[in-house]
Each structure stands twice: as structure tokens, then as C-alpha cells.
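*Asks:* Take this structure first; my questions come after.
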Amino acid sequence: MAAIRLNRVSKHYDDHSAVIEEMDLEIRDGELLVLVGPSGCGKSTLLRMIAGLEEISTGEILIDSQAIHHLPPQKRNLAMVFQNYALYPHMTVKQNLAFPLKMQQLTQDEVSRRVTQTAELLGLGNLLSRHPKQLSGGQRQRVAMGRAMVRDTNAFLMDEPLSNLDAKLRVELRGEIAALQKRLSITTLYVTHDQVEAMTLGDRVAVMRAGKLQQIASPGELYEHPVNVFVSGFIGNPGMNVLRSMLETADKVPAFRLGKYCLPLTQPVMERYPDLRNGSNQMLLLGIRPSAITLAESDERDSLPARVSSAEPLGHETILYVDADIEAVATDAEDPGSTLLRRPTLTVIIPGHRHFKPGETVYLQVDNSKLHCYDLQGDSLSPLSS
Amino acid sequence: MRLQRSRVGIILSYALLTTLALLFFIPVMMMLAGSLKPDERVLMEAGSLAGFIPGEVSLQNYTDVFNRTEFLGFLFNSLFITGTIVIFGLLVNALAAYAFARLRWRGRDLFFNLVLAVMILPLEAIAVPLFYGVSLLGLRDTYLAQILPFIANAFSIYLFYAFFIGLPRELEEAARLDGASTLRTFFSIIVPNSKPVFASVAILNFLMWWGAYLWPLMVTIGPEVRPLPVAIAAFYTLPPLQWGDILAFSVMMVAPVLLLFILFQRWFVRGVAATGIKG
């Protein structure tokens, strides 16, 4: 077990385009840190740099305060689980598990003992004589895990290990990985593009975008206090709605204006964003989770009318996509304040299995104690998030 | 209509294939039949259908070959020279190809292009400077002169390269993380997963050097280190000229190649398919 530290690590390619820029990151001893971000954000490159499969351009990588970035992969004592498992096709499961131990030149008895122990732990006992091509996807994944676990390593590096599996198996193995990691309490860096995996697995989650770390926090913290509109849009499924809004004072009560709809500023929001007290007539970005929006019974006063674009009834809840007379912004655009060109403008989650006709008018109410406020550059206005 | 046309197509293609097979088979059959006949019948029956039929079978020609030449010595020379070139060639060329395909080093692309350029040079073009070099080293009339210049082979490097570049990189990366060095990764992971290309390179090189004539003729003086192709040429000039004996010599010279092909046919076909070369 060990802690891994990245100090101002950068990666540039020959054409000087930066993949990773000045990254500082710590993976604590025994922690499972999930690195999440959209495709091409540099998360796999970062993992490969820690593994030694890619060179770093500047900065340093430390394991327990010892610099390792100049060492070849075999000298770093890290185990990696690959997306496509990378099992050795010409070896049986047993030989696959034994390979890293043989490289450590352990005795034959010790190799056998550890292979048996790992195989039992992962339920691979009856598969030991099979070759990888005779195994199912889930079994291959277990063998890949086993090969990483079989020896004493500083840390596990996992590069989207579940992305080649079907949805049901993914959920099952996700639980197993979490349980094993807790049981062995081994430092783990887990890379994924799937925010559900990130939220369910991680002790902490690091969100990356375009080679830069956006936020690193516990899953709950990330959900409750995203530092910018990108994180708010990326974490949560579906992501947060972000709308352009004016903070006005009408009848001495400050309120957010969304088209004709007004959302009075409440005490909890004011406590989170103290700067809002003196910021009347201020343009800002307002974040509303799809679950903070409810349907009004009928055309009530103070409700936001919207037209249904489409609905996805999922049984326990229904995801509703609606168009309203408001200005939504894109959370994943290069320029965070840019207007969302894609319609529909709002996503709403309502409980239960409900059907809606496209074009139908619905009336929405927003829980105004659960608002998130960002400046026009997309950064959170909360001092807690900075 | 469509069915009929395809049937005609099948018949035509089979007819063509049969003709081709016969064209290739006729000389082999003549060689085999001739080697089993008394010498005087060989030339007499060559122009007729009887040329393909041994008639009364006799092994006299084979006995003659052993009596008149040091056949076993030549066979050993051929096996030793070709075998050594093939075995060391596999090691050297596969390692070179791996370095080109996977390792990062300064000048790699330049060197690889040079290797590709060497591929188009026929032996005849470099035979004289090579001969000069071998003479300077005092290697004339030795096994080494016939082996050393041909272990490294541009075409073999290219075939290995083409195969290695297609292997999943993650296998090697996994091995590196599992604690294997570059060489260990090569021998434990790459080689066992590259059997088809090893087999095809081995067979192609065996065929190439088993039949080599020009170079051994240039660098050998006496019969001691001469391989079979040079020996059969010398045997042809040895009076009295006996065609039956020459054909028996030919059969024994071709036999190891045929045997090799029959034994490794599966690998050969797979290897050719894997490396993408035709015919």
C-alpha cells in the first residue's frame, strides 16, 4: 500500500499540444480515487503516465515521497487492469495468474499458494486450466483482477475495466471491485467515463476536462457543491440544468428571473452564496437539478409553463425533456456561458411511470432552496466550492 | 440460369486448376520415374508417356549416387548451412523487427526505411563486394562464409515487423507492469503469440537457402563444405554422364523440402495468410 502524488505533471506531444497541464493530484493510502471525464480529456493518459507506459513532459510522480517517474513500468511495482483485459492468450488462467509472481522469482510453492489463494478469493478455482478464449467477459475480467491482486503492489491502476461488459454484469462487478478494494484496502486509481461508476465506487472522485483537473471531492460533495457548470453537468444523471438568469429585487424581495417566472431567493441559497445579498440586478447562471423540478397540478400562479419535447418512462421515474421560454446554457461547451443551441431546454425527473404527449403543456415548479449559482464564466459563486 | 452459369464456372476453374497442377507435377513425376529406371531407358522414353512410368523398379541409380559421390557429406552441409541460417535468422530478424515495431529509439524510422530499401537488392548485385569482404576475413571455403552473410535478412525483418505491429500493444504493456523486462516480454509474450509468422519465415528461408547455388559456388573451393546444389552441378559434369543417377540425386535433394512442406503445410498456409504475402 502506498500514496501516489503528482506534482505539476504535464504531458505535451511533439507538436506541443498539451494533453495534461500542470496536474497536481494525490491518491491517498488505501483510497479508491476515481478519475472521470469525457472521452479525450486525458484521464487514460494520466493513468498510463503513472504506470510508466507514457513519459511525462514535466513535473514529478511520487510513491510514498519517492520519485518514480524516471523508472520503467516493471520497476514501479504497480498493477494495472486494462479495458480489454490483456490476458496472455497462450497461457491458462493459472499461468496468467502466476506470471507476475514468476517475474518476482518467487519459489514454486509460494507461486502455487498465492495463485490458489487469489483464485479462491475471486471464484476462479474451477477455471484455472482454461485459456482466456474459453472464458466469458465477466470471467476474463475477474482473471485480469486476479493478475493484479496476486502480488503485493503499491497500487492498482484500472483503465475503464468494466466498459466492455453488458450493463447487468457491470453493476455486479462494480460491487465486487468496491468490496475487494475495501477488503484489501489497496490504493486504487480507477479511470472511467461513466459518472455512475464514479459516484458509486469512489471514496473521492476527480473530474477532468481537457487535461485539467476541475474538482476533486467525495461523490456527495461533488453532487452538492460542484465548482463549475461543467462538473454540475457531468455529475448526476441526467446532468444539471444550467440557465441564464437575472437576480432582481421585486417588492424588496430578491428573486431569480427565468423568463416570466420568478424564483424568490431563499435563506438556504443565501447562506450558500452570501455574495448574492448585495448583488441585485446581477446576471448569473442558475443550476437546477432535474430532481428539484416538480410538476404543478394545474396552471398555478408562479409556475413555469413548458412544452413536452419527449419523455422516457423508466418505471420508478420518468425523465421529461421540455422546452420553456428560458435561456439554457451548455455545460460542456468550451465557453461555459454559451447558450445551449440544442433543444429541449430543460430536463425534469418526476417520480413514477408517466406518459406524456409531445407538444403537451406542463407547468413546472422549482424547489428554490436547491439552487446552484455560477458567474457568467461558469464558476460557482459559493465560497465553499472554491 | 444463375445456377448453371456458376456450375460452368466451377467446371472451368477446376479444368484450369487441373491443368496447372499437371504442369507442375509432370517434371516431378518424370524425375521420380527416371530415377527408378536403368540409365539407357531414361532418355529413350523421355518424349513419350512411358517417361512417367518407372516400369521395372530398380534402386541402382540411388546406389550409384552414393558410390560415385559423397552424397551424405553434401546433405549434411546443406542441412547444417540452411538450418543454421534459419535458426539464427529467426532470432536475429525477429528481435530486429521487434525493435522496429515497438521500441522507441532515435533513428528508428530511418533505419527501417534502409532495411526496406535493402529488400530490393538481389544477391547478384552485392555478390562481388560480399565475396571481397569474405575473402578479406579469410572465410573462403568455410561454413561461416555461407552462413554469416545471410542470417540478417531484410525480407524476414519485414515479415516479422508486419506481424508484430498487429499484435495488441496491451499484452506487452501488461507484461511490463507484471515485472517483465523488454527481452523477457519478447520471449514470454510475443514469441508464443507469433507462431504463424515464425513458421512462415522459417519455411521461406529454408526454401531460399536450400536451393542457393551462386554464392556457395563462389566461396567454396573443394567438396568439403559444399552444399547439394553445387554438388549436383559438379556431379553433372562428372563423366560418364548418367541421367538416371542425376535424377536420383535430384529426388534425394528435393525430398527434405517436400517433407518439410508436408509436415508444416498448415503453418505455411496460415503464415502466408497472416503476413499478407501471396505466392
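Please note that chains go A, B, ... in the order of the C-alpha cells, that every chain numbers its residues from 1, and that ligands are numbered from 1 in the order shown.
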For chain B against chain A, which residues fall within 9 Å using only C-alpha atoms, given as a list of chain:residue names?
*Replies:* B:Pro168, B:Arg169, B:Glu170, B:Leu171, B:Glu172, B:Glu173, B:Ala174, B:Ala175, B:Arg176, B:Leu177, B:Asp178, B:Gly179, B:Ala180, B:Ser181, B:Ile189, B:Pro192, B:Asn193
*Asks:* Keeping only N, CA and C atoms, take the residues you just selected and write them out as a compact mmCIF listing (two decimals), in the first residue's frame.
*Replies:*
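And here's again25.txt as it stands now:
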```txt
# COMPACT_ATOMS: atom_id res chain seq x y z
N PRO B 168 -1.81 -6.90 -30.22
CA PRO B 168 -2.32 -5.88 -29.30
C PRO B 168 -1.22 -5.40 -28.35
N ARG B 169 -1.04 -4.10 -28.32
CA ARG B 169 0.01 -3.49 -27.51
C ARG B 169 -0.19 -3.74 -26.02
N GLU B 170 -1.46 -3.89 -25.62
CA GLU B 170 -1.76 -4.06 -24.20
C GLU B 170 -1.10 -5.31 -23.63
N LEU B 171 -0.91 -6.35 -24.46
CA LEU B 171 -0.28 -7.58 -23.95
C LEU B 171 1.11 -7.26 -23.43
N GLU B 172 1.85 -6.49 -24.23
CA GLU B 172 3.21 -6.14 -23.81
C GLU B 172 3.18 -5.21 -22.61
N GLU B 173 2.23 -4.28 -22.62
CA GLU B 173 2.16 -3.34 -21.51
C GLU B 173 1.82 -4.07 -20.21
N ALA B 174 0.91 -5.05 -20.32
CA ALA B 174 0.56 -5.84 -19.14
C ALA B 174 1.79 -6.58 -18.63
N ALA B 175 2.57 -7.14 -19.55
CA ALA B 175 3.76 -7.88 -19.14
C ALA B 175 4.78 -6.97 -18.46
N ARG B 176 4.92 -5.75 -19.01
CA ARG B 176 5.87 -4.81 -18.41
C ARG B 176 5.44 -4.49 -16.98
N LEU B 177 4.14 -4.26 -16.81
CA LEU B 177 3.65 -3.94 -15.47
C LEU B 177 3.74 -5.15 -14.54
N ASP B 178 3.64 -6.35 -15.12
CA ASP B 178 3.78 -7.56 -14.31
C ASP B 178 5.23 -7.82 -13.92
N GLY B 179 6.12 -6.96 -14.38
CA GLY B 179 7.50 -7.06 -13.93
C GLY B 179 8.47 -7.63 -14.94
N ALA B 180 8.02 -7.82 -16.20
CA ALA B 180 8.90 -8.42 -17.20
C ALA B 180 9.73 -7.34 -17.88
N SER B 181 11.01 -7.65 -18.17
CA SER B 181 11.87 -6.73 -18.91
C SER B 181 11.48 -6.79 -20.39
N ILE B 189 5.96 -13.41 -24.14
CA ILE B 189 4.64 -12.97 -24.61
C ILE B 189 4.58 -12.88 -26.14
N PRO B 192 5.48 -16.61 -28.22
CA PRO B 192 4.42 -17.64 -28.23
C PRO B 192 3.16 -17.22 -28.99
N ASN B 193 2.95 -15.91 -29.13
CA ASN B 193 1.76 -15.45 -29.85
C ASN B 193 2.05 -15.15 -31.31
```
*Asks:* Find the spatial neighbours of Leu260 of chain B, counting only C-alpha atoms, within a cut-off of 10 Å - ignore same-chain residues fewer than 5 positions away - and output them as a list in words.
*Replies:*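 Close residues of Leu260 of chain B: Ile203, Phe206, Leu207, Ala255, Gln265 and Phe268 of chain B.
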*Asks:* Give the helix (DSSP H, G or I) residues of segment 67-156 of chain B, as assigned by DSSP on the backbone, as a PDB file with C-alpha atoms, in the first residue's frame.
*Replies:*
```
ATOM      1  CA  ASN B  67      29.109 -44.835 -54.681  1.00  0.00           C
ATOM      2  CA  ARG B  68      30.128 -42.079 -57.063  1.00  0.00           C
ATOM      3  CA  PHE B  71      26.206 -37.551 -51.051  1.00  0.00           C
ATOM      4  CA  LEU B  72      25.769 -37.797 -47.277  1.00  0.00           C
ATOM      5  CA  GLY B  73      28.511 -35.219 -46.765  1.00  0.00           C
ATOM      6  CA  PHE B  74      26.781 -32.790 -49.122  1.00  0.00           C
ATOM      7  CA  LEU B  75      23.438 -33.471 -47.465  1.00  0.00           C
ATOM      8  CA  PHE B  76      24.962 -32.702 -44.079  1.00  0.00           C
ATOM      9  CA  ASN B  77      26.492 -29.483 -45.449  1.00  0.00           C
ATOM     10  CA  SER B  78      23.141 -28.366 -46.860  1.00  0.00           C
ATOM     11  CA  LEU B  79      21.243 -29.218 -43.683  1.00  0.00           C
ATOM     12  CA  PHE B  80      23.831 -27.570 -41.471  1.00  0.00           C
ATOM     13  CA  ILE B  81      24.140 -24.376 -43.532  1.00  0.00           C
ATOM     14  CA  THR B  82      20.408 -23.961 -44.145  1.00  0.00           C
ATOM     15  CA  GLY B  83      19.440 -24.980 -40.614  1.00  0.00           C
ATOM     16  CA  THR B  84      21.879 -22.539 -39.030  1.00  0.00           C
ATOM     17  CA  ILE B  85      20.755 -19.671 -41.253  1.00  0.00           C
ATOM     18  CA  VAL B  86      17.102 -20.416 -40.438  1.00  0.00           C
ATOM     19  CA  ILE B  87      17.523 -20.797 -36.668  1.00  0.00           C
ATOM     20  CA  PHE B  88      19.814 -17.824 -36.098  1.00  0.00           C
ATOM     21  CA  GLY B  89      17.828 -15.869 -38.681  1.00  0.00           C
ATOM     22  CA  LEU B  90      14.620 -16.338 -36.691  1.00  0.00           C
ATOM     23  CA  LEU B  91      16.256 -14.993 -33.565  1.00  0.00           C
ATOM     24  CA  VAL B  92      18.116 -12.069 -35.111  1.00  0.00           C
ATOM     25  CA  ASN B  93      15.406 -10.927 -37.517  1.00  0.00           C
ATOM     26  CA  ALA B  94      12.560 -11.262 -35.024  1.00  0.00           C
ATOM     27  CA  LEU B  95      14.492  -9.219 -32.445  1.00  0.00           C
ATOM     28  CA  ALA B  96      15.344  -6.580 -35.051  1.00  0.00           C
ATOM     29  CA  ALA B  97      11.725  -6.422 -36.204  1.00  0.00           C
ATOM     30  CA  TYR B  98      10.528  -6.086 -32.608  1.00  0.00           C
ATOM     31  CA  ALA B  99      12.875  -3.165 -32.074  1.00  0.00           C
ATOM     32  CA  PHE B 100      11.485  -1.508 -35.203  1.00  0.00           C
ATOM     33  CA  ALA B 101       7.862  -2.293 -34.368  1.00  0.00           C
ATOM     34  CA  ARG B 108      14.335   4.090 -35.912  1.00  0.00           C
ATOM     35  CA  ASP B 109      12.326   5.149 -38.956  1.00  0.00           C
ATOM     36  CA  LEU B 110      15.437   5.933 -40.977  1.00  0.00           C
ATOM     37  CA  PHE B 111      16.943   2.535 -40.241  1.00  0.00           C
ATOM     38  CA  PHE B 112      13.698   0.779 -41.001  1.00  0.00           C
ATOM     39  CA  ASN B 113      13.481   2.510 -44.373  1.00  0.00           C
ATOM     40  CA  LEU B 114      17.056   1.419 -45.085  1.00  0.00           C
ATOM     41  CA  VAL B 115      16.094  -2.170 -44.281  1.00  0.00           C
ATOM     42  CA  LEU B 116      13.151  -1.912 -46.671  1.00  0.00           C
ATOM     43  CA  ALA B 117      15.474  -0.490 -49.336  1.00  0.00           C
ATOM     44  CA  VAL B 118      17.881  -3.425 -48.928  1.00  0.00           C
ATOM     45  CA  LEU B 123      22.196 -11.159 -54.156  1.00  0.00           C
ATOM     46  CA  GLU B 124      23.796 -10.887 -57.603  1.00  0.00           C
ATOM     47  CA  ALA B 125      24.134  -7.125 -57.126  1.00  0.00           C
ATOM     48  CA  ILE B 126      26.126  -7.418 -53.914  1.00  0.00           C
ATOM     49  CA  ALA B 127      27.854 -10.750 -54.558  1.00  0.00           C
ATOM     50  CA  VAL B 128      31.186  -9.266 -55.632  1.00  0.00           C
ATOM     51  CA  PRO B 129      31.689  -6.839 -52.694  1.00  0.00           C
ATOM     52  CA  LEU B 130      30.438  -9.537 -50.350  1.00  0.00           C
ATOM     53  CA  PHE B 131      32.905 -12.001 -51.804  1.00  0.00           C
ATOM     54  CA  TYR B 132      35.667  -9.439 -51.339  1.00  0.00           C
ATOM     55  CA  GLY B 133      34.677  -8.982 -47.704  1.00  0.00           C
ATOM     56  CA  VAL B 134      34.543 -12.714 -47.022  1.00  0.00           C
ATOM     57  CA  SER B 135      37.975 -13.162 -48.639  1.00  0.00           C
ATOM     58  CA  LEU B 136      39.441 -10.351 -46.534  1.00  0.00           C
ATOM     59  CA  TYR B 143      30.661 -22.924 -43.476  1.00  0.00           C
ATOM     60  CA  LEU B 144      30.784 -19.469 -41.921  1.00  0.00           C
ATOM     61  CA  ALA B 145      31.122 -17.801 -45.336  1.00  0.00           C
ATOM     62  CA  GLN B 146      27.903 -19.470 -46.415  1.00  0.00           C
ATOM     63  CA  ILE B 147      26.026 -18.709 -43.186  1.00  0.00           C
ATOM     64  CA  LEU B 148      27.109 -15.376 -41.763  1.00  0.00           C
ATOM     65  CA  PRO B 149      26.083 -13.006 -44.576  1.00  0.00           C
ATOM     66  CA  PHE B 150      22.542 -14.375 -44.710  1.00  0.00           C
ATOM     67  CA  ILE B 151      21.416 -14.558 -41.088  1.00  0.00           C
ATOM     68  CA  ALA B 154      15.559  -7.673 -44.744  1.00  0.00           C
ATOM     69  CA  PHE B 155      12.560  -9.593 -46.024  1.00  0.00           C
ATOM     70  CA  SER B 156      12.347 -11.652 -42.835  1.00  0.00           C
TER      71      SER B 156
END
```
*Asks:* Quick one: residues within 12 Å of Asp194 of chain A, only C-alpha atoms counted, chain neighbours fewer than 4 positions away excluded, as an MDAnalysis selection string?
*Replies:* chainID A and resid 34:39 159:163 167 170:171 174 190 198:202 205 207 234:237
*Asks:* Restrict the selected residues to N, CA and C atoms and save them as a tab-separated table (two decimals), in the first residue's frame.
*Replies:*
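Listed below is the output, selection_10.tsv:
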```tsv
chain	number	residue	atom	x	y	z
A	34	VAL	N	-11.50	7.82	-8.13
A	34	VAL	CA	-11.99	7.64	-9.50
A	34	VAL	C	-11.67	8.89	-10.29
A	35	LEU	N	-11.07	8.67	-11.47
A	35	LEU	CA	-10.77	9.77	-12.37
A	35	LEU	C	-11.81	9.70	-13.48
A	36	VAL	N	-12.63	10.75	-13.56
A	36	VAL	CA	-13.73	10.69	-14.51
A	36	VAL	C	-13.70	11.93	-15.41
A	37	GLY	N	-14.18	11.74	-16.62
A	37	GLY	CA	-14.21	12.86	-17.54
A	37	GLY	C	-14.65	12.37	-18.91
A	38	PRO	N	-15.00	13.28	-19.80
A	38	PRO	CA	-15.44	12.85	-21.13
A	38	PRO	C	-14.29	12.24	-21.93
A	39	SER	N	-14.60	11.57	-23.03
A	39	SER	CA	-13.56	10.96	-23.87
A	39	SER	C	-12.55	12.03	-24.31
A	159	ASP	N	-8.06	0.91	-15.89
A	159	ASP	CA	-8.41	1.74	-17.04
A	159	ASP	C	-9.73	1.26	-17.64
A	160	GLU	N	-10.81	1.86	-17.25
A	160	GLU	CA	-12.15	1.51	-17.71
A	160	GLU	C	-12.37	-0.01	-17.73
A	161	PRO	N	-12.18	-0.67	-16.60
A	161	PRO	CA	-12.18	-2.14	-16.62
A	161	PRO	C	-13.55	-2.75	-16.91
A	162	LEU	N	-14.61	-1.99	-16.79
A	162	LEU	CA	-15.93	-2.60	-16.95
A	162	LEU	C	-16.62	-2.20	-18.26
A	163	SER	N	-15.94	-1.38	-19.07
A	163	SER	CA	-16.66	-0.81	-20.20
A	163	SER	C	-16.96	-1.81	-21.31
A	167	ALA	N	-24.58	-4.31	-19.27
A	167	ALA	CA	-24.99	-3.45	-18.16
A	167	ALA	C	-25.17	-4.21	-16.84
A	170	ARG	N	-21.92	-5.37	-15.41
A	170	ARG	CA	-21.15	-4.20	-14.99
A	170	ARG	C	-21.52	-3.82	-13.55
A	171	VAL	N	-22.82	-3.81	-13.29
A	171	VAL	CA	-23.29	-3.46	-11.95
A	171	VAL	C	-22.77	-4.48	-10.93
A	174	ARG	N	-19.03	-4.14	-10.48
A	174	ARG	CA	-18.75	-2.87	-9.81
A	174	ARG	C	-18.79	-3.07	-8.29
A	190	TYR	N	-8.91	4.59	-10.45
A	190	TYR	CA	-9.86	3.96	-11.34
A	190	TYR	C	-10.31	4.99	-12.37
A	198	ALA	N	-18.30	6.29	-11.25
A	198	ALA	CA	-17.51	7.20	-10.42
A	198	ALA	C	-18.20	7.45	-9.09
A	199	MET	N	-19.49	7.73	-9.14
A	199	MET	CA	-20.23	8.08	-7.92
A	199	MET	C	-20.38	6.88	-6.99
A	200	THR	N	-20.55	5.67	-7.56
A	200	THR	CA	-20.80	4.51	-6.71
A	200	THR	C	-19.51	3.91	-6.15
A	201	LEU	N	-18.40	4.06	-6.89
A	201	LEU	CA	-17.17	3.38	-6.48
A	201	LEU	C	-16.24	4.24	-5.64
A	202	GLY	N	-16.19	5.52	-5.98
A	202	GLY	CA	-15.08	6.33	-5.48
A	202	GLY	C	-15.21	6.75	-4.02
A	205	VAL	N	-13.72	11.46	-5.99
A	205	VAL	CA	-13.82	11.48	-7.45
A	205	VAL	C	-13.11	12.73	-7.96
A	207	VAL	N	-12.73	15.03	-11.25
A	207	VAL	CA	-13.34	15.28	-12.56
A	207	VAL	C	-12.33	16.02	-13.42
A	234	PHE	N	-21.78	17.26	-15.64
A	234	PHE	CA	-21.21	15.93	-15.84
A	234	PHE	C	-21.63	14.96	-14.74
A	235	ILE	N	-21.76	15.47	-13.53
A	235	ILE	CA	-22.11	14.61	-12.39
A	235	ILE	C	-23.62	14.67	-12.18
A	236	GLY	N	-24.21	13.52	-12.02
A	236	GLY	CA	-25.67	13.44	-11.93
A	236	GLY	C	-26.20	12.94	-13.26
A	237	ASN	N	-27.22	12.12	-13.20
A	237	ASN	CA	-27.75	11.54	-14.43
A	237	ASN	C	-29.27	11.65	-14.44
```
*Asks:* Could you please determine the separation between atom CA of Ser382 of chain A and atom CA of Pro274 of chain A in Å, to one decimal place?
*Replies:*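 Separation between atom CA of Ser382 of chain A and atom CA of Pro274 of chain A: 7.6 Å.
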*Asks:* Per residue of segment 184-245 of chain A within 8 Å of segment 313-336 of chain A, record the nearest atom pair and its distance in Å to one decimal, counting only C-alpha atoms, with rows in chain order and ascending residue number, as CSV.
*Replies:*
```
residue,atom,partner,partner_atom,distance
A:Val229,CA,A:Thr331,CA,5.3
A:Phe230,CA,A:Thr331,CA,4.9
A:Ser232,CA,A:Thr331,CA,7.6
A:Gly233,CA,A:Thr331,CA,5.4
A:Phe234,CA,A:Asp332,CA,8.0
A:Asn241,CA,A:Ala328,CA,7.3
A:Val242,CA,A:Val329,CA,5.7
A:Leu243,CA,A:Ala328,CA,4.2
A:Arg244,CA,A:Glu327,CA,5.5
A:Ser245,CA,A:Glu327,CA,7.9
```
*Asks:* Keeping only N, CA and C atoms, write the selected residues to a file as a PDB file, in the first residue's frame.
*Replies:*
```pdb
ATOM      1  N   VAL A 229     -19.955  24.864 -13.900  1.00  0.00           N
ATOM      2  CA  VAL A 229     -21.082  24.295 -14.641  1.00  0.00           C
ATOM      3  C   VAL A 229     -20.705  22.987 -15.330  1.00  0.00           C
ATOM      4  N   PHE A 230     -19.409  22.833 -15.662  1.00  0.00           N
ATOM      5  CA  PHE A 230     -19.012  21.578 -16.302  1.00  0.00           C
ATOM      6  C   PHE A 230     -19.237  20.403 -15.353  1.00  0.00           C
ATOM      7  N   SER A 232     -21.146  20.319 -12.779  1.00  0.00           N
ATOM      8  CA  SER A 232     -22.572  20.159 -12.474  1.00  0.00           C
ATOM      9  C   SER A 232     -23.300  19.436 -13.593  1.00  0.00           C
ATOM     10  N   GLY A 233     -22.849  19.652 -14.826  1.00  0.00           N
ATOM     11  CA  GLY A 233     -23.488  18.968 -15.947  1.00  0.00           C
ATOM     12  C   GLY A 233     -23.027  17.535 -16.074  1.00  0.00           C
ATOM     13  N   PHE A 234     -21.777  17.264 -15.636  1.00  0.00           N
ATOM     14  CA  PHE A 234     -21.211  15.933 -15.837  1.00  0.00           C
ATOM     15  C   PHE A 234     -21.629  14.961 -14.737  1.00  0.00           C
ATOM     16  N   ASN A 241     -29.515  21.189 -15.043  1.00  0.00           N
ATOM     17  CA  ASN A 241     -29.916  22.233 -15.986  1.00  0.00           C
ATOM     18  C   ASN A 241     -29.206  23.508 -15.570  1.00  0.00           C
ATOM     19  N   VAL A 242     -28.616  24.213 -16.525  1.00  0.00           N
ATOM     20  CA  VAL A 242     -27.993  25.494 -16.197  1.00  0.00           C
ATOM     21  C   VAL A 242     -28.642  26.567 -17.071  1.00  0.00           C
ATOM     22  N   LEU A 243     -29.181  27.582 -16.405  1.00  0.00           N
ATOM     23  CA  LEU A 243     -29.980  28.588 -17.106  1.00  0.00           C
ATOM     24  C   LEU A 243     -29.422  29.973 -16.846  1.00  0.00           C
ATOM     25  N   ARG A 244     -29.549  30.834 -17.860  1.00  0.00           N
ATOM     26  CA  ARG A 244     -29.127  32.215 -17.682  1.00  0.00           C
ATOM     27  C   ARG A 244     -30.258  32.953 -16.960  1.00  0.00           C
ATOM     28  N   SER A 245     -29.911  33.686 -15.909  1.00  0.00           N
ATOM     29  CA  SER A 245     -30.963  34.309 -15.109  1.00  0.00           C
ATOM     30  C   SER A 245     -30.495  35.658 -14.572  1.00  0.00           C
TER      31      SER A 245
END
```
*Asks:* At a cut-off of 8 Å, using only C-alpha atoms, what residues contact Pro254 of chain A? Leave out same-chain residues fewer than 4 positions from it and give the result as an mmCIF file with C-alpha atoms, in the first residue's frame.
*Replies:*
```
data_model
loop_
_atom_site.group_PDB
_atom_site.id
_atom_site.type_symbol
_atom_site.label_atom_id
_atom_site.label_comp_id
_atom_site.auth_asym_id
_atom_site.auth_seq_id
_atom_site.Cartn_x
_atom_site.Cartn_y
_atom_site.Cartn_z
ATOM 1 C CA LEU A 247 -31.131 38.366 -9.955
ATOM 2 C CA GLU A 248 -33.666 41.158 -9.450
ATOM 3 C CA THR A 249 -35.303 42.825 -6.482
ATOM 4 C CA ALA A 250 -39.059 42.990 -6.836
ATOM 5 C CA PRO A 264 -37.516 34.119 -4.793
ATOM 6 C CA LEU A 265 -34.107 33.902 -3.167
ATOM 7 C CA SER A 280 -29.122 42.932 -7.216
#
```
